[in-house]
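**Q** Input structure: data-v4.cif, which contains mmCIF, C-alpha atoms, pLDDT in the B column; chains and numbers go by the auth columns.
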data_input
#
loop_
_atom_site.group_PDB
_atom_site.id
_atom_site.type_symbol
_atom_site.label_atom_id
_atom_site.label_comp_id
_atom_site.label_asym_id
_atom_site.label_seq_id
_atom_site.Cartn_x
_atom_site.Cartn_y
_atom_site.Cartn_z
_atom_site.B_iso_or_equiv
_atom_site.auth_seq_id
_atom_site.auth_asym_id
ATOM 1 C CA MET A 1 16.695 -0.006 -16.902 45.00 1 P
ATOM 2 C CA ASN A 2 14.959 -3.365 -16.611 47.00 2 P
ATOM 3 C CA PRO A 3 11.311 -3.726 -17.793 45.00 3 P
ATOM 4 C CA ARG A 4 9.893 -3.735 -14.275 54.00 4 P
ATOM 5 C CA SER A 5 11.651 -0.475 -13.465 63.00 5 P
ATOM 6 C CA LEU A 6 10.403 1.021 -16.738 63.00 6 P
ATOM 7 C CA LEU A 7 6.844 -0.021 -15.845 62.00 7 P
ATOM 8 C CA ASP A 8 7.229 1.592 -12.417 65.00 8 P
ATOM 9 C CA TYR A 9 8.516 4.742 -14.120 63.00 9 P
ATOM 10 C CA LEU A 10 5.660 4.868 -16.619 61.00 10 P
ATOM 11 C CA THR A 11 2.995 4.372 -13.941 62.00 11 P
ATOM 12 C CA GLY A 12 4.213 7.170 -11.674 62.00 12 P
ATOM 13 C CA THR A 13 5.694 5.004 -8.934 69.00 13 P
ATOM 14 C CA GLN A 14 7.637 6.942 -6.332 66.00 14 P
ATOM 15 C CA ARG A 15 10.691 5.572 -4.533 69.00 15 P
ATOM 16 C CA ALA A 16 10.696 5.697 -0.732 67.00 16 P
ATOM 17 C CA SER A 17 13.520 7.488 1.054 66.00 17 P
ATOM 18 C CA TRP A 18 16.024 5.352 2.954 60.00 18 P
ATOM 19 C CA SER A 19 14.367 6.182 6.303 63.00 19 P
ATOM 20 C CA ASP A 20 10.896 5.313 4.985 71.00 20 P
ATOM 21 C CA ARG A 21 12.217 2.059 3.523 71.00 21 P
ATOM 22 C CA GLY A 22 13.681 1.198 6.933 75.00 22 P
ATOM 23 C CA PHE A 23 10.389 1.913 8.713 76.00 23 P
ATOM 24 C CA HIS A 24 8.305 -0.152 6.297 75.00 24 P
ATOM 25 C CA THR A 25 10.848 -2.989 6.270 76.00 25 P
ATOM 26 C CA ARG A 26 10.747 -3.156 10.088 77.00 26 P
ATOM 27 C CA ASN A 27 6.941 -2.996 10.064 75.00 27 P
ATOM 28 C CA LEU A 28 6.722 -5.926 7.626 77.00 28 P
ATOM 29 C CA ALA A 29 9.502 -7.890 9.337 75.00 29 P
ATOM 30 C CA GLY A 30 7.687 -7.463 12.659 75.00 30 P
ATOM 31 C CA HIS A 31 4.907 -9.551 11.107 74.00 31 P
ATOM 32 C CA GLY A 32 7.292 -12.050 9.497 75.00 32 P
ATOM 33 C CA LEU A 33 6.528 -10.844 5.966 77.00 33 P
ATOM 34 C CA THR A 34 8.953 -10.413 3.081 73.00 34 P
ATOM 35 C CA ALA A 35 8.675 -10.046 -0.686 77.00 35 P
ATOM 36 C CA GLU A 36 10.877 -9.274 -3.656 79.00 36 P
ATOM 37 C CA LYS A 37 9.046 -6.001 -4.221 85.00 37 P
ATOM 38 C CA VAL A 38 6.789 -4.184 -1.780 86.00 38 P
ATOM 39 C CA TYR A 39 4.619 -1.235 -2.749 88.00 39 P
ATOM 40 C CA LEU A 40 2.914 1.091 -0.305 88.00 40 P
ATOM 41 C CA LEU A 41 -0.354 1.754 -2.110 90.00 41 P
ATOM 42 C CA GLY A 42 -1.706 4.250 0.396 86.00 42 P
ATOM 43 C CA TYR A 43 -3.246 4.774 3.811 87.00 43 P
ATOM 44 C CA ALA A 44 -6.793 4.157 5.007 89.00 44 P
ATOM 45 C CA ALA A 45 -8.726 4.487 8.245 88.00 45 P
ATOM 46 C CA ALA A 46 -8.014 1.521 10.521 87.00 46 P
ATOM 47 C CA THR A 47 -11.683 0.667 10.940 87.00 47 P
ATOM 48 C CA PRO A 48 -13.473 -2.607 10.183 91.00 48 P
ATOM 49 C CA ALA A 49 -15.560 -0.834 7.517 91.00 49 P
ATOM 50 C CA SER A 50 -12.451 0.452 5.696 91.00 50 P
ATOM 51 C CA VAL A 51 -10.726 -2.923 5.854 92.00 51 P
ATOM 52 C CA GLU A 52 -13.859 -4.624 4.483 95.00 52 P
ATOM 53 C CA ARG A 53 -14.045 -2.049 1.689 94.00 53 P
ATOM 54 C CA LEU A 54 -10.374 -2.699 0.804 94.00 54 P
ATOM 55 C CA ALA A 55 -11.102 -6.429 0.542 95.00 55 P
ATOM 56 C CA GLN A 56 -14.090 -5.731 -1.725 95.00 56 P
ATOM 57 C CA CYS A 57 -11.993 -3.491 -3.991 94.00 57 P
ATOM 58 C CA VAL A 58 -9.367 -6.207 -4.445 94.00 58 P
ATOM 59 C CA HIS A 59 -12.030 -8.849 -5.032 94.00 59 P
ATOM 60 C CA ARG A 60 -13.662 -6.609 -7.679 94.00 60 P
ATOM 61 C CA ARG A 61 -10.197 -5.817 -9.138 93.00 61 P
ATOM 62 C CA SER A 62 -10.945 -2.102 -9.001 92.00 62 P
ATOM 63 C CA ALA A 63 -8.080 0.358 -8.611 89.00 63 P
ATOM 64 C CA ARG A 64 -10.607 3.219 -8.673 90.00 64 P
ATOM 65 C CA CYS A 65 -12.446 1.718 -5.701 92.00 65 P
ATOM 66 C CA LEU A 66 -9.185 1.424 -3.763 89.00 66 P
ATOM 67 C CA ARG A 67 -8.277 5.041 -4.562 88.00 67 P
ATOM 68 C CA ARG A 68 -11.656 6.140 -3.157 90.00 68 P
ATOM 69 C CA VAL A 69 -10.929 4.328 0.120 90.00 69 P
ATOM 70 C CA PHE A 70 -7.638 6.236 0.366 86.00 70 P
ATOM 71 C CA ASP A 71 -9.350 9.528 -0.489 84.00 71 P
ATOM 72 C CA ASN A 72 -12.020 8.966 2.197 82.00 72 P
ATOM 73 C CA LEU A 73 -9.501 9.139 5.038 76.00 73 P
ATOM 74 C CA PRO A 74 -11.202 11.445 7.602 74.00 74 P
ATOM 75 C CA TRP A 75 -9.256 14.646 8.327 65.00 75 P
ATOM 76 C CA GLU A 76 -9.462 17.276 11.030 67.00 76 P
ATOM 77 C CA GLU A 77 -7.789 20.659 11.291 73.00 77 P
ATOM 78 C CA ASP A 78 -5.491 21.826 14.103 68.00 78 P
ATOM 79 C CA GLU A 79 -2.911 24.602 14.491 71.00 79 P
ATOM 80 C CA LEU A 80 -0.398 22.628 12.398 71.00 80 P
ATOM 81 C CA GLY A 81 -2.823 21.961 9.548 67.00 81 P
ATOM 82 C CA PRO A 82 -4.862 18.934 8.470 64.00 82 P
ATOM 83 C CA LEU A 83 -4.270 15.634 10.274 64.00 83 P
ATOM 84 C CA PRO A 84 -6.042 12.269 9.985 64.00 84 P
ATOM 85 C CA SER A 85 -8.732 12.070 12.662 62.00 85 P
ATOM 86 C CA ASP A 86 -8.857 8.254 12.876 69.00 86 P
ATOM 87 C CA PRO A 87 -6.034 5.768 13.394 80.00 87 P
ATOM 88 C CA MET A 88 -4.529 4.854 10.035 85.00 88 P
ATOM 89 C CA CYS A 89 -3.382 1.633 8.468 87.00 89 P
ATOM 90 C CA ALA A 90 -0.919 1.130 5.632 87.00 90 P
ATOM 91 C CA VAL A 91 -1.978 -0.800 2.539 90.00 91 P
ATOM 92 C CA TYR A 92 0.868 -2.789 0.964 90.00 92 P
ATOM 93 C CA LEU A 93 1.146 -4.906 -2.137 90.00 93 P
ATOM 94 C CA LEU A 94 3.725 -7.715 -1.892 89.00 94 P
ATOM 95 C CA VAL A 95 5.042 -9.053 -5.203 87.00 95 P
ATOM 96 C CA HIS A 96 6.842 -12.412 -5.388 84.00 96 P
ATOM 97 C CA PRO A 97 8.031 -13.778 -8.740 83.00 97 P
ATOM 98 C CA GLY A 98 5.891 -16.688 -9.907 84.00 98 P
ATOM 99 C CA GLN A 99 3.191 -16.065 -7.269 86.00 99 P
ATOM 100 C CA PRO A 100 0.111 -13.845 -7.267 88.00 100 P
ATOM 101 C CA PRO A 101 0.543 -10.485 -5.545 90.00 101 P
ATOM 102 C CA GLN A 102 -0.737 -10.193 -1.976 91.00 102 P
ATOM 103 C CA LEU A 103 -2.571 -7.198 -0.507 92.00 103 P
ATOM 104 C CA LEU A 104 -1.644 -6.585 3.099 91.00 104 P
ATOM 105 C CA VAL A 105 -3.148 -4.070 5.531 92.00 105 P
ATOM 106 C CA LEU A 106 -1.156 -3.245 8.677 89.00 106 P
ATOM 107 C CA GLU A 107 -1.344 -0.659 11.382 83.00 107 P
ATOM 108 C CA ALA A 108 1.851 1.343 11.874 67.00 108 P
ATOM 109 C CA VAL A 109 2.721 -0.508 15.086 66.00 109 P
ATOM 110 C CA PRO A 110 4.702 -3.732 14.426 63.00 110 P
ATOM 111 C CA SER A 111 3.042 -5.529 17.351 69.00 111 P
ATOM 112 C CA SER A 112 -0.467 -4.895 15.991 76.00 112 P
ATOM 113 C CA PRO A 113 -2.334 -7.710 14.219 83.00 113 P
ATOM 114 C CA VAL A 114 -2.552 -7.989 10.441 86.00 114 P
ATOM 115 C CA LEU A 115 -5.873 -6.397 9.498 88.00 115 P
ATOM 116 C CA LEU A 116 -6.125 -7.985 6.041 90.00 116 P
ATOM 117 C CA HIS A 117 -3.960 -10.350 3.972 89.00 117 P
ATOM 118 C CA VAL A 118 -5.541 -11.498 0.698 91.00 118 P
ATOM 119 C CA ALA A 119 -4.399 -12.626 -2.734 92.00 119 P
ATOM 120 C CA ALA A 120 -4.615 -9.819 -5.285 91.00 120 P
ATOM 121 C CA THR A 121 -4.636 -11.949 -8.427 89.00 121 P
ATOM 122 C CA GLY A 122 -5.492 -9.767 -11.402 88.00 122 P
ATOM 123 C CA PHE A 123 -5.665 -6.582 -9.346 88.00 123 P
ATOM 124 C CA PRO A 124 -4.461 -3.698 -11.581 86.00 124 P
ATOM 125 C CA TYR A 125 -2.128 -2.097 -9.049 83.00 125 P
ATOM 126 C CA HIS A 126 -0.119 -0.429 -11.819 79.00 126 P
ATOM 127 C CA LEU A 127 -3.110 1.845 -12.422 78.00 127 P
ATOM 128 C CA LEU A 128 -2.675 3.377 -8.957 79.00 128 P
ATOM 129 C CA TRP A 129 -0.702 6.589 -9.422 76.00 129 P
ATOM 130 C CA GLY A 130 1.418 7.797 -6.518 74.00 130 P
ATOM 131 C CA LYS A 131 2.162 4.398 -5.021 82.00 131 P
ATOM 132 C CA THR A 132 5.549 4.096 -3.352 82.00 132 P
ATOM 133 C CA LEU A 133 8.087 1.347 -3.906 82.00 133 P
ATOM 134 C CA VAL A 134 9.432 0.609 -0.415 84.00 134 P
ATOM 135 C CA SER A 135 11.400 -2.565 -1.092 77.00 135 P
ATOM 136 C CA GLU A 136 12.989 -4.044 -4.207 71.00 136 P
ATOM 137 C CA PRO A 137 15.896 -6.326 -5.008 60.00 137 P
ATOM 138 C CA THR A 138 19.241 -4.603 -5.285 54.00 138 P
#
What is this structure when it is put down as structure tokens?

**A**
Amino acid sequence: MNPRSLLDYLTGTQRASWSDRGFHTRNLAGHGLTAEKVYLLGYAAATPASVERLAQCVHRRSARCLRRVFDNLPWEEDELGPLPSDPMCAVYLLVHPGQPPQLLVLEAVPSSPVLLHVAATGFPYHLLWGKTLVSEPT
């Protein structure tokens, strides 16, 4: 096990299934984005206020702040159980060797615009438990 894999293991990183990896790879490729490693950090409401809050969390280098944005996703109840009541966006962290990580916020539709793309220098993404590794070198 290489050190990066050990760090992922120790920080509770999940591995995406092959179908999830395909979906996220297509979503990123639809925007012309690639990276050596891509983490899905979580989902947030696709509203300007949520996107602004995500940018503030990265600027403040606060994993706790980011977790709160994910936890504040509005839910409603129907006959199948709880469902998000607002459109959602996926929050990704792209990691390139020798470059600072990038935080990327995309809606689930590949033709939609990028909602946020900022450098995440110094952001402690390893402190986010439950993140999902959706792309890594083989």

**Q** Would you list the residues near (-2.7, -7.3, -6.3) (no more than 6 Å away, in the coordinates of the file, using all atoms listed in the file) as number ranges by chain?

**A** P: 101-103, 120-121, 123, 125

**Q** What is the CA of Leu104 in chain P to CA of Glu77 in chain P distance in Å?

**A**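 Pair CA of Leu104 in chain P / CA of Glu77 in chain P returns 29.1 Å.
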
**Q** Which polymer residues have any atom within 8 Å of an atom of range 54-68 of chain P, counting all atoms listed in the file, with same-chain residues fewer than 2 positions away left out, as a list in words?

**A**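 Here the answer would be Ser50, Val51, Glu52, Phe70, Asp71, Asn72, Leu103, Leu116, Val118, Ala120, Gly122, Phe123, Pro124, Tyr125, Leu127 and Leu128 of chain P.
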
**Q** Point out the residue among P:Leu93, P:Pro74, P:Ala29, P:Gly130 with the least atom-to-atom distance to Thr47 in chain P, counting only C-alpha atoms.

**A**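 Smallest distance to Thr47 in chain P is found for P:Pro74.
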
**Q** Please identify all polymer residues within 8 Å of Glu36 in chain P, counting all atoms listed in the file, omitting same-chain residues fewer than 4 positions from it, and present them as a VMD selection string.

**A** chain P and resid 94 to 97 135 to 137

**Q** Kindly give the distance, in Å, that separates CA of Gly42 in chain P and CA of Ala90 in chain P, rounded to a single decimal.

**A**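 A separation of 6.1 Å between them.
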
**Q** Which of these residues is nearest to Pro100 in chain P, using only C-alpha atoms: P:Ala119, P:Met88, P:Ala44, P:Leu80?

**A**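 Using only C-alpha atoms, Pro100 in chain P sits closest to P:Ala119.
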
**Q** Need the axis-aligned box for range 123-136 of chain P with 4 Å each side, so what are the centre and edges in Å to one decimal, as AutoDock Vina command-line options?

**A**
--center_x 3.7 --center_y 0.6 --center_z -6.4 --size_x 26.7 --size_y 22.4 --size_z 20.0
